[in-house]
Amino acid sequence: MSESSKDATQLVAIFERTGATALVAAGVIEFLPALYLLVIHEGELPGSIWLTWMIPVVIFLVGFLPRLRRNQGLIQAFAGLLFLVLAIAIPQSYGPGWLPLPFSAFAVAFGAAFTLSAAPALVVIVLAAFLNLIAVLFPTPQMILAAAELAGGTIGPIFILIAAPALLGMAYSWRRAARIADASTLELEVAAASNYRAVQVQSARTSVDRRIHETVLNTLNAITQGVDEKSELLRAECRRDIEQLELGALPAQEATIGAVVAEARAAAGLRTPQVNVRIDDDYLLPQQSAGALRDALVEALRNVERHAQARAVIISARQQASVLEVVVSDDGRGLREGDTERFGMRNTIKASLSAIGGEAVIVSEPGRGTSVTLRVPIVVAAELQVPVSAVLDILLDSVRPRVLLFAPAIFGLVMLPWIAGGLGDAKIGFSLSFIAFLASNIALALRWSTVSRVALTWITLVMGVVTYVITRQDLVGCYSASSVHWIINSVAGGIGLLLFAGQRYWWHWLILPIITAAGLVLTLSLPDECKAVPAMSLVVTVLYMSAALFLMTVLFREFDRRRSNGLLLWASSVEYQAEIERQITVTSQWSRVSASTVALLTGIADGSLDASDTGIRERAASEESQLRGNLGMERRSISSLWRAVLEAVELGAARGLSVDAAVISMPDDDDSIPEQVSDLLAAVVLHAPSRTVTMRIFVDQGLAEVLVTAPNAAVDAGWANLSRPNPAKGECGPEAIVIGDLVLSRSPSGEKQSLLSIRRGAGA
């Protein structure tokens, strides 16, 4: 995704469109009512008065020019202030009123609050209130004021000074929330992308290392030891290794479940007499899921072949929700309690699945076989998902902007004594209902994220309608007109929070029509000669609320959709980059198998080289040593346990004995190894035939451990020196011994093999 498209989906970008909408609403309120009245009274007014209206309008429209977009707010605020100044400076000596000054003055302040920074906006707000006050002090025939007397007329400037700064504070809070949300999203995106690429690279590196070890390294070891009686099998192994080398250089591919199972059976060399494969739905798996499942399945089947002594194996696959579940069940000898976590499968199998959000569950009982359940997400776990809240959830996350949304109602509370004074006997009922309306608004702001939000929304709406109904009961003719005007401003203007509160539900469209209808009924209760200002107040308020409803339902939701699409494009770009890095890693990892090693395997596979020849065996030994170094298995490891393993391996090599040693995960322990433990490893190697001992080192639950699989006789020979009673060695029994901070234990791993564990930290 390009930088320009990325910038367009940042949350702060929405304020350009919010400001534009606010300016349009402000311009409509500033100029259209005056234009309507000018046209109606055209024959009664001098033609020169039109200049008072036209000059500011032209300047306001000029502000929409693209080249002036950066200064649009200032230009149009100036046009609005000029409109007020001209109307005051060029007084009309006769004729009807055509300029509804309170609405025009507030419209100027409204537009400035949403488009200008704090200091310029405050200046415009104060100037608009001041010009409104000047018009009240020096009224002329063209002015339509909220009240004729000075006390009533000053409510307009007070309304501007209370409501407009509240809107400015809300806009400031929104911009600040947007900047924080954008910065947080950017940090999450960077972290998610980095983590995603690292996981893919590490997963690729681990997978290739495991395959090299399972194929090429083991084959070289077999050639080194000599296999005259198994030459045909060795050639087949070499051919399989060459295939793996060729496949490893190819990009990861999608694959069907059946293809993954078939490849895993071939790679594991499964020769169990009876194999039954049951696949409910053979669909395509994503490349990551297919690769991880293949690696885990190969190891599970290889364990069946090597250790289970099974007569039959069942491989079944089925979909459970968004997870593919593959079960490998055998009727072999099974495992004892605890052996499932020591069988090597905990790291080899689980490592293949954990990186993509999968898991492996191993269940077994002695004599009843083993069941390995592999769960792989059909859609790979989304490391790239960045939590992004809806625009409204971000903008209304704190209490302050929610409270500021019903600022006109706060104005009504401040001016409650004066407003109620224009009513008859209904003043007490009005006051109580209006306070209840404001209180429910406050409760809604405080309980915004609770289940009571819907109920409080309707309670607030009902209290607003009740306030109108109570006010209508006892109006004192035109004397109450000014009070009705400000009641409509306070109640109808105070439902802004309700429009946002109900935005998840279809009925939020009913809120504005209900409050408008109630205000219209209240306005029509006044005498005809004094309905104009309250009616205009109702129209203006509805226009403001409609603009808010537009922002909520159209602009915000459209922006949410656009931002969601932008994140999808970003994720696609990161995934593409990660795939390139993964393929580079795969190619780099496989390249550690040298061309001379490939030539050696190819020659043995096609029969041109004799694996029994001493020179070929020496060459294989050299290639094996070089490859072990390339895989990071040389002696420079800082783990003292690994050094003890390598010493035993080197001791066996000096006697012509080959040991299969590998690192699953390297510990960082550096404590010295007791001599008895080194002697045990050496004894096992020296008393076992070549290629019959395997050693694996890894970290499990933070503790370093070495697992050794060897013939029973070799383990017995090494164990004999440890199992005799010797308090200095801290003997714990014939099958487990504590030496220092190491726990040594042994258990059967078949009729002819034993499993020896050396675990650090558990015996302290």
# chains A, B, ... in the order shown; residues from 1 in each chain; ligands from 1
$ select_by_dssp --residues "range 523-684 of chain A" --states "strand (DSSP E)" --output "short mmCIF file (atom, residue, chain, number, x, y, z; two decimals) with N, CA and C atoms, in the first residue's frame"
data_model
loop_
_atom_site.label_atom_id
_atom_site.label_comp_id
_atom_site.auth_asym_id
_atom_site.auth_seq_id
_atom_site.Cartn_x
_atom_site.Cartn_y
_atom_site.Cartn_z
N ASP A 660 24.04 -40.32 16.50
CA ASP A 660 23.13 -39.30 15.95
C ASP A 660 22.80 -38.30 17.05
N ALA A 661 23.46 -37.14 17.04
CA ALA A 661 23.24 -36.10 18.05
C ALA A 661 22.69 -34.85 17.38
N ALA A 662 21.72 -34.23 18.00
CA ALA A 662 21.11 -33.05 17.39
C ALA A 662 20.56 -32.13 18.47
N VAL A 663 20.46 -30.85 18.11
CA VAL A 663 19.91 -29.82 18.99
C VAL A 663 18.49 -29.52 18.55
#
$ closest_atom_pairs --of "range 170-243 of chain A" --to "range 595-615 of chain A" --cutoff "12 Å" --atoms "only C-alpha atoms" --output "tab-separated table"
residue	atom	partner	partner_atom	distance
A:Ile212	CA	A:Thr597	CA	11.9
A:Thr215	CA	A:Leu601	CA	11.0
A:Val216	CA	A:Leu601	CA	8.4
A:Leu217	CA	A:Thr597	CA	10.0
A:Asn218	CA	A:Leu601	CA	11.9
A:Thr219	CA	A:Leu601	CA	8.6
A:Leu220	CA	A:Leu601	CA	8.4
A:Asn221	CA	A:Ala611	CA	11.5
A:Ala222	CA	A:Ala611	CA	9.4
A:Ile223	CA	A:Ala611	CA	6.1
A:Thr224	CA	A:Ala611	CA	8.5
A:Gln225	CA	A:Ser612	CA	9.1
A:Gly226	CA	A:Ser612	CA	5.8
A:Val227	CA	A:Ser612	CA	6.8
A:Asp228	CA	A:Ser612	CA	5.9
A:Glu229	CA	A:Ser612	CA	9.6
A:Lys230	CA	A:Ala611	CA	10.2
A:Ser231	CA	A:Ala611	CA	7.4
A:Glu232	CA	A:Ala605	CA	9.0
A:Leu233	CA	A:Ala605	CA	9.9
A:Leu234	CA	A:Ala605	CA	7.9
A:Arg235	CA	A:Ala605	CA	4.5
A:Ala236	CA	A:Ala605	CA	6.6
A:Glu237	CA	A:Ala605	CA	7.9
A:Cys238	CA	A:Ala605	CA	5.2
A:Arg239	CA	A:Ala605	CA	5.3
A:Arg240	CA	A:Ala605	CA	8.9
A:Asp241	CA	A:Leu601	CA	7.7
A:Ile242	CA	A:Thr602	CA	7.0
A:Glu243	CA	A:Thr602	CA	10.3
$ write_last_selection --atoms "C-alpha atoms" --output "JSON list (two decimals), in the first residue's frame"
[["chain", "number", "residue", "atom", "x", "y", "z"],
["A", 212, "ILE", "CA", 18.23, -31.79, 6.67],
["A", 215, "THR", "CA", 17.42, -36.91, 5.64],
["A", 216, "VAL", "CA", 20.88, -35.90, 4.48],
["A", 217, "LEU", "CA", 22.70, -35.96, 7.83],
["A", 218, "ASN", "CA", 21.35, -39.38, 8.81],
["A", 219, "THR", "CA", 22.14, -40.78, 5.38],
["A", 220, "LEU", "CA", 25.73, -39.50, 5.49],
["A", 221, "ASN", "CA", 26.09, -41.09, 8.90],
["A", 222, "ALA", "CA", 24.82, -44.39, 7.52],
["A", 223, "ILE", "CA", 27.30, -44.27, 4.63],
["A", 224, "THR", "CA", 30.13, -43.50, 7.06],
["A", 225, "GLN", "CA", 29.38, -46.62, 9.14],
["A", 226, "GLY", "CA", 29.04, -48.95, 6.16],
["A", 227, "VAL", "CA", 25.87, -50.78, 5.12],
["A", 228, "ASP", "CA", 26.91, -53.58, 2.83],
["A", 229, "GLU", "CA", 23.89, -55.70, 3.61],
["A", 230, "LYS", "CA", 21.46, -52.78, 3.03],
["A", 231, "SER", "CA", 22.90, -51.18, -0.11],
["A", 232, "GLU", "CA", 19.55, -51.08, -1.97],
["A", 233, "LEU", "CA", 17.84, -49.42, 0.97],
["A", 234, "LEU", "CA", 20.67, -46.88, 1.20],
["A", 235, "ARG", "CA", 20.35, -46.01, -2.49],
["A", 236, "ALA", "CA", 16.61, -45.45, -1.97],
["A", 237, "GLU", "CA", 17.40, -43.16, 0.98],
["A", 238, "CYS", "CA", 19.82, -41.18, -1.19],
["A", 239, "ARG", "CA", 17.19, -40.79, -3.91],
["A", 240, "ARG", "CA", 14.69, -39.56, -1.30],
["A", 241, "ASP", "CA", 17.24, -37.08, 0.02],
["A", 242, "ILE", "CA", 17.85, -35.68, -3.47],
["A", 243, "GLU", "CA", 14.07, -35.24, -3.87]]
$ closest_residue --among "A:Val313, A:Val738, A:Ala517, A:Ala710" --to "Leu722 in chain A" --atoms "only C-alpha atoms"
A:Val738
$ residues_around --residues "Ala683 in chain A" --least-positions-apart "4" --cutoff "7 Å" --atoms "only C-alpha atoms" --output "compact mmCIF listing (two decimals) with N, CA and C atoms, in the first residue's frame"
# COMPACT_ATOMS: atom_id res chain seq x y z
N ASP A 679 30.87 -39.82 32.26
CA ASP A 679 31.22 -41.24 32.15
C ASP A 679 30.03 -42.05 31.68
N HIS A 687 29.49 -48.86 24.46
CA HIS A 687 28.93 -50.20 24.58
C HIS A 687 27.81 -50.46 23.57
N ALA A 717 25.05 -50.89 30.87
CA ALA A 717 26.48 -50.78 31.17
C ALA A 717 26.80 -49.43 31.80
N GLY A 718 26.21 -48.36 31.28
CA GLY A 718 26.46 -47.05 31.85
C GLY A 718 25.77 -46.85 33.18
$ residues_around --residues "Ala443 in chain A" --least-positions-apart "5" --cutoff "9 Å" --atoms "only C-alpha atoms" --output "count of residues only"
4
$ residues_around --residues "Gln142 in chain A" --least-positions-apart "6" --cutoff "8 Å" --atoms "only C-alpha atoms" --output "ChimeraX atom specification"
/A:87,91-92,94-99
$ select_by_dssp --residues "range 457-512 of chain A" --states "helix (DSSP H, G or I)" --output "PyMOL selection string"
chain A and resi 457-472+477-493+496-501+508-512
$ closest_residue --among "A:Phe698, A:Trp590, A:Phe559, A:Phe103" --to "Arg205 in chain A" --atoms "only C-alpha atoms"
A:Trp590
$ residues_around --residues "Val469 in chain A" --least-positions-apart "2" --cutoff "9 Å" --atoms "only C-alpha atoms" --output "list in words"
Phe430, Gly464, Val465, Val466, Thr467, Thr471, Arg472, Gln473, Ala518, Val521 and Leu522 of chain A
$ residues_around --residues "Val414 in chain A" --least-positions-apart "3" --cutoff "12 Å" --atoms "only C-alpha atoms" --output "PyMOL selection string"
chain A and resi 155+158-159+161-163+407-411+417-420+431+434-435+438+486+490
$ closest_residue --among "A:Arg628, A:Arg375, A:Arg759, A:Arg563" --to "Asp182 in chain A" --atoms "only C-alpha atoms"
A:Arg563
